[in-house]
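Data block for coords_34.cif (mmCIF, C-alpha atoms (C1' of nucleotides)):
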```
data_structure
#
loop_
_atom_site.label_atom_id
_atom_site.label_comp_id
_atom_site.auth_asym_id
_atom_site.auth_seq_id
_atom_site.Cartn_x
_atom_site.Cartn_y
_atom_site.Cartn_z
CA MET J 56 90.18 135.87 76.00
CA ALA J 57 89.90 135.94 79.76
CA HIS J 58 87.36 138.74 79.99
CA SER J 59 85.10 138.50 82.98
CA HIS J 60 81.75 138.31 81.18
CA ASP J 61 83.03 137.22 77.81
CA ASP J 62 81.61 133.77 78.25
CA HIS J 63 79.77 132.96 75.07
CA HIS J 64 81.76 129.72 74.97
CA HIS J 65 80.71 128.34 78.34
CA GLU J 66 78.70 125.21 79.22
CA ARG J 67 75.46 126.99 79.92
CA PRO J 68 72.09 126.28 78.34
CA ARG J 69 72.72 127.88 75.04
CA ASP J 70 69.79 128.07 72.70
CA LEU J 71 68.56 124.78 71.43
CA THR J 72 68.46 124.00 67.77
CA ARG J 73 65.27 123.01 66.04
CA ASN J 74 65.87 119.28 66.36
CA GLN J 75 67.03 119.54 69.92
CA ASP J 76 63.96 121.52 70.80
CA LEU J 77 61.62 119.09 69.09
CA VAL J 78 63.15 116.18 70.96
CA LEU J 79 63.07 117.98 74.28
CA GLN J 80 59.42 118.95 73.85
CA THR J 81 58.59 115.37 73.01
CA LEU J 82 60.23 114.18 76.20
CA ASN J 83 58.53 116.90 78.18
CA HIS J 84 55.10 115.88 77.00
CA ALA J 85 55.66 112.19 77.51
CA GLU J 86 54.28 110.32 80.49
CA GLY J 87 57.35 108.18 80.83
CA PRO J 88 60.65 107.32 79.23
CA LEU J 89 60.89 107.11 75.47
CA SER J 90 63.34 105.26 73.31
CA ALA J 91 65.07 107.16 70.54
CA TYR J 92 62.89 105.35 68.04
CA ASP J 93 59.74 106.24 69.98
CA ILE J 94 60.78 109.86 69.72
CA LEU J 95 61.53 109.49 66.05
CA ASP J 96 58.07 108.10 65.39
CA LYS J 97 56.48 111.06 67.16
CA LEU J 98 58.51 113.49 65.11
CA ARG J 99 58.05 112.10 61.62
CA GLU J 100 55.43 114.68 60.82
CA ASP J 101 57.88 117.35 61.85
CA GLY J 102 60.28 116.20 59.21
CA LEU J 103 62.59 113.89 61.10
CA ARG J 104 63.41 110.71 59.26
CA ALA J 105 66.49 109.01 60.63
CA PRO J 106 67.54 107.75 64.07
CA LEU J 107 70.71 109.81 63.98
CA GLN J 108 68.77 113.02 63.97
CA VAL J 109 67.26 112.00 67.27
CA TYR J 110 70.41 110.53 68.77
CA ARG J 111 72.38 113.64 67.98
CA ALA J 112 69.81 115.85 69.63
CA LEU J 113 69.66 113.54 72.64
CA ASP J 114 73.43 113.64 73.01
CA LYS J 115 73.35 117.38 73.35
CA LEU J 116 70.41 117.42 75.70
CA VAL J 117 72.00 114.86 77.98
CA GLU J 118 75.28 116.75 77.83
CA GLN J 119 73.50 119.88 79.01
CA GLY J 120 71.59 118.05 81.71
CA LEU J 121 68.22 118.70 80.14
CA ALA J 122 67.55 115.01 79.62
CA HIS J 123 68.79 111.75 81.09
CA ARG J 124 69.42 108.36 79.65
CA LEU J 125 68.08 105.45 81.66
CA GLU J 126 70.64 102.74 81.09
CA SER J 127 68.51 99.89 82.30
CA LEU J 128 65.78 100.79 79.80
CA SER J 129 67.82 102.14 76.92
CA ALA J 130 65.44 105.06 77.03
CA PHE J 131 65.37 108.75 77.80
CA VAL J 132 63.49 111.13 80.08
CA CYS J 133 63.57 114.86 80.44
CA CYS J 134 65.19 116.18 83.56
CA ALA J 135 62.62 116.58 86.31
CA ASP J 136 64.16 119.72 87.68
CA ALA J 137 65.03 122.50 85.29
CA GLY J 138 67.84 123.46 87.59
CA CYS J 139 69.14 119.99 88.21
CA HIS J 140 72.11 120.56 85.96
CA ASP J 141 73.18 123.42 88.13
CA GLY J 142 74.03 121.57 91.25
CA ALA J 143 73.26 117.97 91.98
CA ARG J 144 74.80 116.33 88.96
CA THR J 145 74.10 112.84 90.22
CA ALA J 146 70.47 111.93 90.10
CA ALA J 147 68.80 108.66 90.97
CA PHE J 148 65.79 107.22 89.17
CA ALA J 149 63.03 104.99 90.45
CA ILE J 150 61.45 103.18 87.55
CA CYS J 151 58.08 101.50 87.98
CA SER J 152 57.76 98.16 86.23
CA GLY J 153 54.01 98.54 86.34
CA CYS J 154 53.19 101.87 84.77
CA GLY J 155 56.62 102.70 83.43
CA ARG J 156 56.76 106.04 85.14
CA VAL J 157 60.00 107.40 86.47
CA ASP J 158 60.65 109.37 89.62
CA GLU J 159 63.88 111.33 89.70
CA PHE J 160 65.49 112.24 92.96
CA ALA J 161 68.82 113.11 94.49
CA ASP J 162 70.31 111.90 97.72
CA PRO J 163 73.35 113.89 98.79
CA GLU J 164 74.32 111.24 101.27
CA VAL J 165 74.46 108.60 98.58
CA VAL J 166 76.43 110.86 96.29
CA GLU J 167 78.81 111.60 99.09
CA ARG J 168 79.37 107.95 99.94
CA LEU J 169 80.11 107.05 96.36
CA ALA J 170 82.44 110.01 96.00
CA ALA J 171 84.19 108.91 99.18
CA TRP J 172 84.69 105.44 97.81
CA ALA J 173 86.14 106.88 94.62
CA GLN J 174 88.41 109.18 96.60
CA GLU J 175 89.69 106.33 98.67
CA LYS J 176 90.40 104.15 95.65
CA GLY J 177 91.89 106.92 93.57
CA PHE J 178 89.13 106.42 91.05
CA GLY J 179 88.53 109.50 88.89
CA LEU J 180 84.76 109.62 88.99
CA GLU J 181 83.10 111.16 85.96
CA ARG J 182 79.54 109.98 85.96
CA THR J 183 77.21 107.93 88.11
CA THR J 184 74.18 105.86 87.25
CA ILE J 185 71.66 104.97 89.94
CA GLU J 186 68.49 103.22 88.91
CA LEU J 187 65.90 101.56 91.15
CA ARG J 188 63.47 99.05 89.73
CA GLY J 189 60.24 98.09 91.38
CA ARG J 190 56.60 99.10 91.59
CA CYS J 191 55.43 102.52 92.54
CA ALA J 192 52.96 103.10 95.37
CA ARG J 193 50.10 103.62 92.96
CA CYS J 194 50.72 100.38 91.10
CA LEU J 195 51.13 98.47 94.35
CA GLY J 196 47.88 99.97 95.54
CA SER J 197 45.78 98.79 92.65
CA SER J 198 46.25 95.69 90.47
CA THR J 199 48.17 92.55 91.40
CA PRO J 200 49.83 93.54 94.68
CA MET I 244 57.93 70.53 103.82
CA ALA I 245 60.14 71.95 106.51
CA HIS I 246 62.61 69.08 106.48
CA SER I 247 66.12 70.19 107.15
CA HIS I 248 67.68 68.98 103.94
CA ASP I 249 64.61 68.76 101.78
CA ASP I 250 65.53 71.90 99.94
CA HIS I 251 65.90 70.98 96.31
CA HIS I 252 63.49 73.77 95.42
CA HIS I 253 65.33 76.66 97.05
CA GLU I 254 67.29 79.54 95.52
CA ARG I 255 70.70 78.12 96.23
CA PRO I 256 73.48 77.46 93.73
CA ARG I 257 72.07 74.35 92.22
CA ASP I 258 74.29 72.61 89.75
CA LEU I 259 74.95 74.50 86.63
CA THR I 260 74.16 73.08 83.26
CA ARG I 261 76.82 72.66 80.64
CA ASN I 262 76.07 75.95 78.89
CA GLN I 263 75.75 77.86 82.13
CA ASP I 264 79.07 76.48 83.28
CA LEU I 265 80.80 77.34 80.02
CA VAL I 266 79.53 80.90 80.17
CA LEU I 267 80.48 81.31 83.80
CA GLN I 268 83.99 80.01 83.21
CA THR I 269 84.36 82.40 80.32
CA LEU I 270 83.40 85.32 82.53
CA ASN I 271 85.68 84.09 85.28
CA HIS I 272 88.69 84.01 83.02
CA ALA I 273 88.01 87.37 81.43
CA GLU I 274 89.88 90.50 82.44
CA GLY I 275 86.81 92.67 82.15
CA PRO I 276 83.20 92.70 81.11
CA LEU I 277 82.12 90.75 78.06
CA SER I 278 79.12 91.21 75.84
CA ALA I 279 76.95 88.21 75.10
CA TYR I 280 78.41 88.13 71.61
CA ASP I 281 81.96 88.25 72.96
CA ILE I 282 81.13 85.22 75.04
CA LEU I 283 79.54 83.48 72.10
CA ASP I 284 82.68 83.99 70.03
CA LYS I 285 84.81 82.46 72.75
CA LEU I 286 82.55 79.45 72.96
CA ARG I 287 82.11 78.57 69.30
CA GLU I 288 84.68 75.82 69.56
CA ASP I 289 82.70 74.38 72.45
CA GLY I 290 79.69 74.02 70.22
CA LEU I 291 77.70 77.15 70.92
CA ARG I 292 76.28 78.77 67.84
CA ALA I 293 73.47 81.15 68.62
CA PRO I 294 73.13 84.22 70.87
CA LEU I 295 70.17 82.71 72.66
CA GLN I 296 72.27 79.93 74.06
CA VAL I 297 74.42 82.53 75.76
CA TYR I 298 71.59 84.82 76.81
CA ARG I 299 69.71 81.96 78.40
CA ALA I 300 72.73 80.92 80.40
CA LEU I 301 73.39 84.50 81.42
CA ASP I 302 69.82 84.91 82.60
CA LYS I 303 70.22 82.04 84.99
CA LEU I 304 73.62 83.13 86.22
CA VAL I 305 72.39 86.64 86.91
CA GLU I 306 69.30 85.25 88.59
CA GLN I 307 71.50 83.23 90.93
CA GLY I 308 73.83 86.12 91.61
CA LEU I 309 76.82 84.44 89.97
CA ALA I 310 77.09 87.12 87.32
CA HIS I 311 76.00 90.72 86.90
CA ARG I 312 74.82 92.72 83.96
CA LEU I 313 76.36 96.16 83.59
CA GLU I 314 73.57 98.23 82.14
CA SER I 315 75.71 101.09 81.00
CA LEU I 316 77.88 98.74 78.95
CA SER I 317 75.37 96.14 77.87
CA ALA I 318 77.90 93.64 79.12
CA PHE I 319 78.38 91.06 81.82
CA VAL I 320 80.88 90.27 84.57
CA CYS I 321 81.13 87.42 87.00
CA CYS I 322 80.34 88.24 90.58
CA ALA I 323 83.48 89.30 92.42
CA ASP I 324 82.50 87.60 95.64
CA ALA I 325 81.30 84.04 95.52
CA GLY I 326 79.12 84.76 98.51
CA CYS I 327 77.74 88.04 97.30
CA HIS I 328 74.41 86.48 96.51
CA ASP I 329 74.04 85.50 100.12
CA GLY I 330 73.80 88.87 101.69
CA ALA I 331 74.50 92.15 99.98
CA ARG I 332 72.21 91.88 97.02
CA THR I 333 72.92 95.39 95.90
CA ALA I 334 76.35 95.81 94.48
CA ALA I 335 77.94 98.86 92.94
CA PHE I 336 80.37 98.83 90.05
CA ALA I 337 83.17 101.17 89.16
CA ILE I 338 83.95 100.90 85.49
CA CYS I 339 87.21 102.28 84.13
CA SER I 340 86.89 104.00 80.77
CA GLY I 341 90.59 103.49 80.26
CA CYS I 342 91.29 99.80 80.72
CA GLY I 343 87.71 98.61 80.90
CA ARG I 344 88.19 96.85 84.17
CA VAL I 345 85.42 96.73 86.73
CA ASP I 346 85.62 96.95 90.49
CA GLU I 347 82.64 95.61 92.37
CA PHE I 348 81.86 96.85 95.83
CA ALA I 349 79.00 97.23 98.27
CA ASP I 350 78.21 100.18 100.46
CA PRO I 351 75.63 99.36 103.11
CA GLU I 352 75.03 103.02 103.79
CA VAL I 353 74.12 103.66 100.17
CA VAL I 354 71.86 100.65 100.10
CA GLU I 355 70.22 101.81 103.27
CA ARG I 356 69.60 105.32 101.99
CA LEU I 357 68.03 104.07 98.81
CA ALA I 358 65.90 101.60 100.73
CA ALA I 359 64.82 104.43 103.00
CA TRP I 360 63.78 106.54 100.04
CA ALA I 361 61.76 103.63 98.67
CA GLN I 362 60.17 103.03 102.05
CA GLU I 363 59.17 106.64 102.36
CA LYS I 364 57.66 106.74 98.88
CA GLY I 365 55.94 103.40 99.14
CA PHE I 366 58.03 102.18 96.25
CA GLY I 367 58.34 98.39 96.16
CA LEU I 368 62.03 98.08 95.48
CA GLU I 369 63.10 94.98 93.58
CA ARG I 370 66.49 95.71 92.12
CA THR I 371 69.08 98.45 92.15
CA THR I 372 71.68 99.43 89.60
CA ILE I 373 74.66 101.51 90.67
CA GLU I 374 77.40 102.14 88.15
CA LEU I 375 80.28 104.59 88.40
CA ARG I 376 82.16 105.67 85.31
CA GLY I 377 85.61 107.16 85.36
CA ARG I 378 89.26 106.19 85.30
CA CYS I 379 90.87 103.85 87.74
CA ALA I 380 93.93 104.82 89.75
CA ARG I 381 96.23 102.81 87.51
CA CYS I 382 94.97 104.45 84.34
CA LEU I 383 95.16 107.90 85.90
CA GLY I 384 98.70 107.12 86.97
CA SER I 385 100.01 106.28 83.53
CA SER I 386 98.84 107.64 80.16
CA THR I 387 97.02 110.94 79.58
CA PRO I 388 96.26 112.05 83.13
"C1'" DC M 51 80.41 142.32 52.75
"C1'" DG M 52 82.43 138.12 52.19
"C1'" DG M 53 85.20 134.46 53.94
"C1'" DT M 54 86.02 130.92 57.26
"C1'" DG M 55 85.47 127.46 60.75
"C1'" DA M 56 82.57 125.08 64.02
"C1'" DA M 57 78.41 122.90 64.66
"C1'" DA M 58 74.20 121.01 62.98
"C1'" DT M 59 71.84 118.57 59.40
"C1'" DG M 60 70.16 114.88 56.12
"C1'" DT M 61 70.79 110.34 54.23
"C1'" DT M 62 72.28 105.64 53.45
"C1'" DA M 63 74.18 101.76 55.13
"C1'" DT M 64 75.70 98.90 58.72
"C1'" DG M 65 76.85 97.20 63.30
"C1'" DA M 66 75.68 95.63 68.04
"C1'" DC M 67 72.47 93.90 71.36
"C1'" DA M 68 68.39 91.03 72.36
"C1'" DT M 69 64.20 88.13 71.88
"C1'" DA M 70 60.08 85.52 69.50
"C1'" DA M 71 58.61 81.21 68.14
"C1'" DC M 72 59.05 76.48 67.28
"C1'" DG M 73 60.09 71.71 68.19
"C1'" DC M 74 62.98 68.43 70.51
"C1'" DT M 75 65.34 66.28 74.72
"C1'" DA M 76 66.46 65.19 79.39
"C1'" DT M 77 65.22 64.63 84.07
"C1'" DC M 78 62.51 63.54 87.94
"C1'" DG M 79 58.83 62.52 90.90
"C1'" DA M 80 53.83 60.80 91.17
"C1'" DT D 212 54.94 55.07 82.40
"C1'" DC D 213 53.28 59.39 82.32
"C1'" DG D 214 53.31 64.18 82.65
"C1'" DA D 215 55.49 68.37 84.14
"C1'" DT D 216 59.39 71.33 84.14
"C1'" DA D 217 63.58 73.02 82.56
"C1'" DG D 218 66.98 73.16 79.24
"C1'" DC D 219 68.58 72.90 74.38
"C1'" DG D 220 69.22 74.13 69.27
"C1'" DT D 221 67.86 76.73 65.32
"C1'" DT D 222 65.92 80.29 62.31
"C1'" DA D 223 64.18 84.56 61.88
"C1'" DT D 224 63.33 88.99 63.45
"C1'" DG D 225 63.20 93.02 66.36
"C1'" DT D 226 65.44 96.89 68.80
"C1'" DC D 227 69.10 100.09 69.83
"C1'" DA D 228 73.05 102.78 68.06
"C1'" DT D 229 76.78 104.54 65.06
"C1'" DA D 230 79.99 105.05 60.75
"C1'" DA D 231 80.74 107.71 56.84
"C1'" DC D 232 79.91 111.32 53.75
"C1'" DA D 233 77.95 115.31 51.61
"C1'" DT D 234 75.59 119.59 52.56
"C1'" DT D 235 73.82 123.55 55.19
"C1'" DT D 236 73.67 127.09 58.79
"C1'" DC D 237 75.42 130.64 61.30
"C1'" DA D 238 78.32 133.47 64.39
"C1'" DC D 239 82.36 135.81 64.12
"C1'" DC D 240 86.19 138.44 62.15
"C1'" DG D 241 88.95 140.58 58.87
#
```
Could you write out this structure as structure tokens?
Amino acid sequence: MAHSHDDHHHERPRDLTRNQDLVLQTLNHAEGPLSAYDILDKLREDGLRAPLQVYRALDKLVEQGLAHRLESLSAFVCCADAGCHDGARTAAFAICSGCGRVDEFADPEVVERLAAWAQEKGFGLERTTIELRGRCARCLGSSTP
Amino acid sequence: MAHSHDDHHHERPRDLTRNQDLVLQTLNHAEGPLSAYDILDKLREDGLRAPLQVYRALDKLVEQGLAHRLESLSAFVCCADAGCHDGARTAAFAICSGCGRVDEFADPEVVERLAAWAQEKGFGLERTTIELRGRCARCLGSSTP
DNA sequence: CGGTGAAATGTTATGACATAACGCTATCGA
DNA sequence: TCGATAGCGTTATGTCATAACATTTCACCG
């Protein structure tokens, strides 16, 4: 049970199921965040019919770090960096109110400060949400500055 | 227009309306975050009947910095620091999955780093959400460590 | 090969969160 | 007094998410 390479049970990117793959591809091809129902609509012709089919797939994708949920939008995006679930588990998101696009980034300093706060308070940190709202450079550049 | 006390149009804590006051008191007396419908239920005997009455009050309270919306919970808390809307406009929240209690804090360094990122990217930052999930010291101390 | 258990699936129904649209009321300064 | 602005009350509806249950798929093991 403790074999060195006997790790078929680990947390790694195991193969995606059909529904999971469909949902992930949909997110990958999207310009911006999509709600579960947006995704469902795009996948009707692929046989999906109920919200749960999408939510279940999303749960797994988020669990594996392949997608993220944006709390302030109640919507989902695919992970910008295929390897982001390897290391920097705490991403930040800048969401443009103009075009709706999302820019994912990581700031180690920020992560560190928050972890330090948790440490100091004895707070068992499990997950962090960081979301910036505003207008991206492109949207500021053009219409209604 | 620049009279010293001619400032009835400013952003300051103008008097709250009846509904706003009811909602704020409800949040103040609560142990943890409340959903709009939780608040509505507590205020039925005061005459409130529809979600919109609560949501409208909440909008104003949040606008004035007297309450905060926790995106990851779809719930609301009163601002921990009466003066928090003066200066540190970017608060962070540590939400305990065990007891549901919320600890509000501000970390200038974090705020600064995020502002710096925005600056660098030309992102017009308007609002920031920072929410930590985990278990508070007290909950870690007792049951199911 | 066939059984078995874990995980995924499909479906219906329901719950929880939030806003649109409408008309009325109160307040306040010009 | 008039008109503008903000708040109020109500009904209806929209959006996001999960409960519950039956069925299917598939890797693994005896």
Separating CA of Asp346 in chain I from CA of Val117 in chain J, to the nearest tenth of an Å, is a gap of 25.7 Å
Contacts from chain D to chain J, 12 Å maximum, only C-alpha atoms (C1' of nucleotides): show me the residue list as a list of chain:residue names.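 Putting it all together, I get D:DT226, D:DC227, D:DA228, D:DT229, D:DA230, D:DT236, D:DC237, D:DA238, D:DC239.
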I'd like to see the residues matched by the PyMOL selection byres ((chain M) within 9 of (chain J)) on this file, and ideally I'd get them as number ranges by chain. M: 58-61
Produce a file of the selected residues containing C-alpha atoms (C1' of nucleotides), as a CSV table (one decimal), in the coordinates of the input.
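Dumped to out.csv:
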```
chain,number,residue,atom,x,y,z
M,58,DA,C1',74.2,121.0,63.0
M,59,DT,C1',71.8,118.6,59.4
M,60,DG,C1',70.2,114.9,56.1
M,61,DT,C1',70.8,110.3,54.2
```
How would you write, as a PyMOL selection string, the residues chosen by the PyMOL selection byres ((chain I) within 12 of (chain J)) on this structure? chain I and resi 312-318+333-341+344-384+388
Calculate how many Å separate CA of Leu121 in chain J from CA of Gly155 in chain J, rounding to one decimal. 20.0 Å
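By chain and then residue number, the residues within 7 Å of Val78 in chain J are J:Asn74, J:Gln75, J:Thr81, J:Leu82, J:Ile94, J:Val109, J:Ala112, counting only C-alpha atoms (C1' of nucleotides) and disregarding those fewer than 3 positions away in sequence.
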Return as a PDB file with C-alpha atoms (C1' of nucleotides), in the frame of the given file the set of residues that the PyMOL selection byres ((chain M and resi 78-80) around 10) yields on the displayed structure.
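The result, stored in part_34.pdb:
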```
ATOM      1  C1'  DA M  76      66.460  65.190  79.390  1.00  0.00           C
ATOM      2  C1'  DT M  77      65.220  64.630  84.070  1.00  0.00           C
TER       3       DT M  77
ATOM      4  C1'  DC D 213      53.280  59.390  82.320  1.00  0.00           C
ATOM      5  C1'  DG D 214      53.310  64.180  82.650  1.00  0.00           C
ATOM      6  C1'  DA D 215      55.490  68.370  84.140  1.00  0.00           C
ATOM      7  C1'  DT D 216      59.390  71.330  84.140  1.00  0.00           C
TER       8       DT D 216
END
```
What are the centre and the three edge lengths of an axis-aligned box that wraps all atoms of range 70-80 of chain M in the file, given that 6 Å is added to every side, written as AutoDock Vina command-line options and rounded to one decimal in Å?
```
--center_x 60.1 --center_y 73.2 --center_z 79.2 --size_x 24.6 --size_y 36.7 --size_z 35.9
```
For CA of Pro276 in chain I and CA of Val320 in chain I, the interatomic separation in Å (one decimal):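 Here the two named atoms are 4.8 Å from each other.
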List as a PyMOL selection string: which residues have an atom within 10 Å of (79.3, 109.1, 51.6), counting all atoms listed in the file? (chain M and resi 61-63) or (chain D and resi 231-233)
Some atoms are missing, so please complete range 275-296 of chain I with N, CA, C and O atoms and return it as a CSV table (one decimal), keeping the file's coordinate frame.
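result12.csv, written as the output of this step:
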```
chain,number,residue,atom,x,y,z
I,275,GLY,N,87.8,91.7,81.9
I,275,GLY,CA,86.8,92.7,82.2
I,275,GLY,C,85.5,92.2,81.7
I,275,GLY,O,85.3,91.0,81.4
I,276,PRO,N,84.5,93.1,81.5
I,276,PRO,CA,83.2,92.7,81.1
I,276,PRO,C,83.2,92.2,79.7
I,276,PRO,O,84.0,92.6,78.8
I,277,LEU,N,82.3,91.3,79.4
I,277,LEU,CA,82.1,90.8,78.1
I,277,LEU,C,80.7,90.9,77.6
I,277,LEU,O,79.7,90.7,78.4
I,278,SER,N,80.5,91.2,76.4
I,278,SER,CA,79.1,91.2,75.8
I,278,SER,C,78.7,89.8,75.5
I,278,SER,O,79.6,88.9,75.5
I,279,ALA,N,77.4,89.6,75.4
I,279,ALA,CA,77.0,88.2,75.1
I,279,ALA,C,77.6,87.7,73.8
I,279,ALA,O,77.9,86.5,73.7
I,280,TYR,N,77.8,88.6,72.9
I,280,TYR,CA,78.4,88.1,71.6
I,280,TYR,C,79.9,87.8,71.8
I,280,TYR,O,80.4,87.0,71.1
I,281,ASP,N,80.6,88.6,72.6
I,281,ASP,CA,82.0,88.2,73.0
I,281,ASP,C,82.0,86.8,73.5
I,281,ASP,O,82.9,86.0,73.1
I,282,ILE,N,81.1,86.5,74.4
I,282,ILE,CA,81.1,85.2,75.0
I,282,ILE,C,80.9,84.2,74.0
I,282,ILE,O,81.5,83.1,73.9
I,283,LEU,N,79.9,84.4,73.1
I,283,LEU,CA,79.5,83.5,72.1
I,283,LEU,C,80.8,83.2,71.2
I,283,LEU,O,81.1,82.0,71.0
I,284,ASP,N,81.5,84.2,70.9
I,284,ASP,CA,82.7,84.0,70.0
I,284,ASP,C,83.7,83.1,70.7
I,284,ASP,O,84.3,82.3,70.1
I,285,LYS,N,83.8,83.3,72.0
I,285,LYS,CA,84.8,82.5,72.8
I,285,LYS,C,84.3,81.0,72.9
I,285,LYS,O,85.1,80.2,73.3
I,286,LEU,N,83.1,80.8,72.7
I,286,LEU,CA,82.6,79.4,73.0
I,286,LEU,C,82.1,78.7,71.7
I,286,LEU,O,81.5,77.6,71.8
I,287,ARG,N,82.5,79.2,70.6
I,287,ARG,CA,82.1,78.6,69.3
I,287,ARG,C,82.7,77.2,69.2
I,287,ARG,O,82.1,76.2,68.8
I,288,GLU,N,84.0,77.1,69.7
I,288,GLU,CA,84.7,75.8,69.6
I,288,GLU,C,84.1,74.8,70.6
I,288,GLU,O,84.4,73.6,70.5
I,289,ASP,N,83.3,75.3,71.5
I,289,ASP,CA,82.7,74.4,72.4
I,289,ASP,C,81.3,74.0,72.0
I,289,ASP,O,80.5,73.4,72.7
I,290,GLY,N,81.0,74.5,70.8
I,290,GLY,CA,79.7,74.0,70.2
I,290,GLY,C,78.6,75.0,70.3
I,290,GLY,O,77.5,74.8,69.7
I,291,LEU,N,78.8,76.2,70.9
I,291,LEU,CA,77.7,77.2,70.9
I,291,LEU,C,77.6,77.9,69.6
I,291,LEU,O,78.7,78.2,69.0
I,292,ARG,N,76.4,78.2,69.2
I,292,ARG,CA,76.3,78.8,67.8
I,292,ARG,C,75.4,80.0,67.8
I,292,ARG,O,75.5,80.8,66.9
I,293,ALA,N,74.5,80.1,68.7
I,293,ALA,CA,73.5,81.2,68.6
I,293,ALA,C,73.4,82.0,69.9
I,293,ALA,O,73.7,81.5,71.0
I,294,PRO,N,73.2,83.3,69.7
I,294,PRO,CA,73.1,84.2,70.9
I,294,PRO,C,72.2,83.7,72.0
I,294,PRO,O,72.6,83.9,73.2
I,295,LEU,N,71.1,83.1,71.6
I,295,LEU,CA,70.2,82.7,72.7
I,295,LEU,C,70.8,81.7,73.6
I,295,LEU,O,70.4,81.7,74.8
I,296,GLN,N,71.7,80.9,73.2
I,296,GLN,CA,72.3,79.9,74.1
I,296,GLN,C,73.0,80.7,75.2
I,296,GLN,O,73.0,80.2,76.3
```
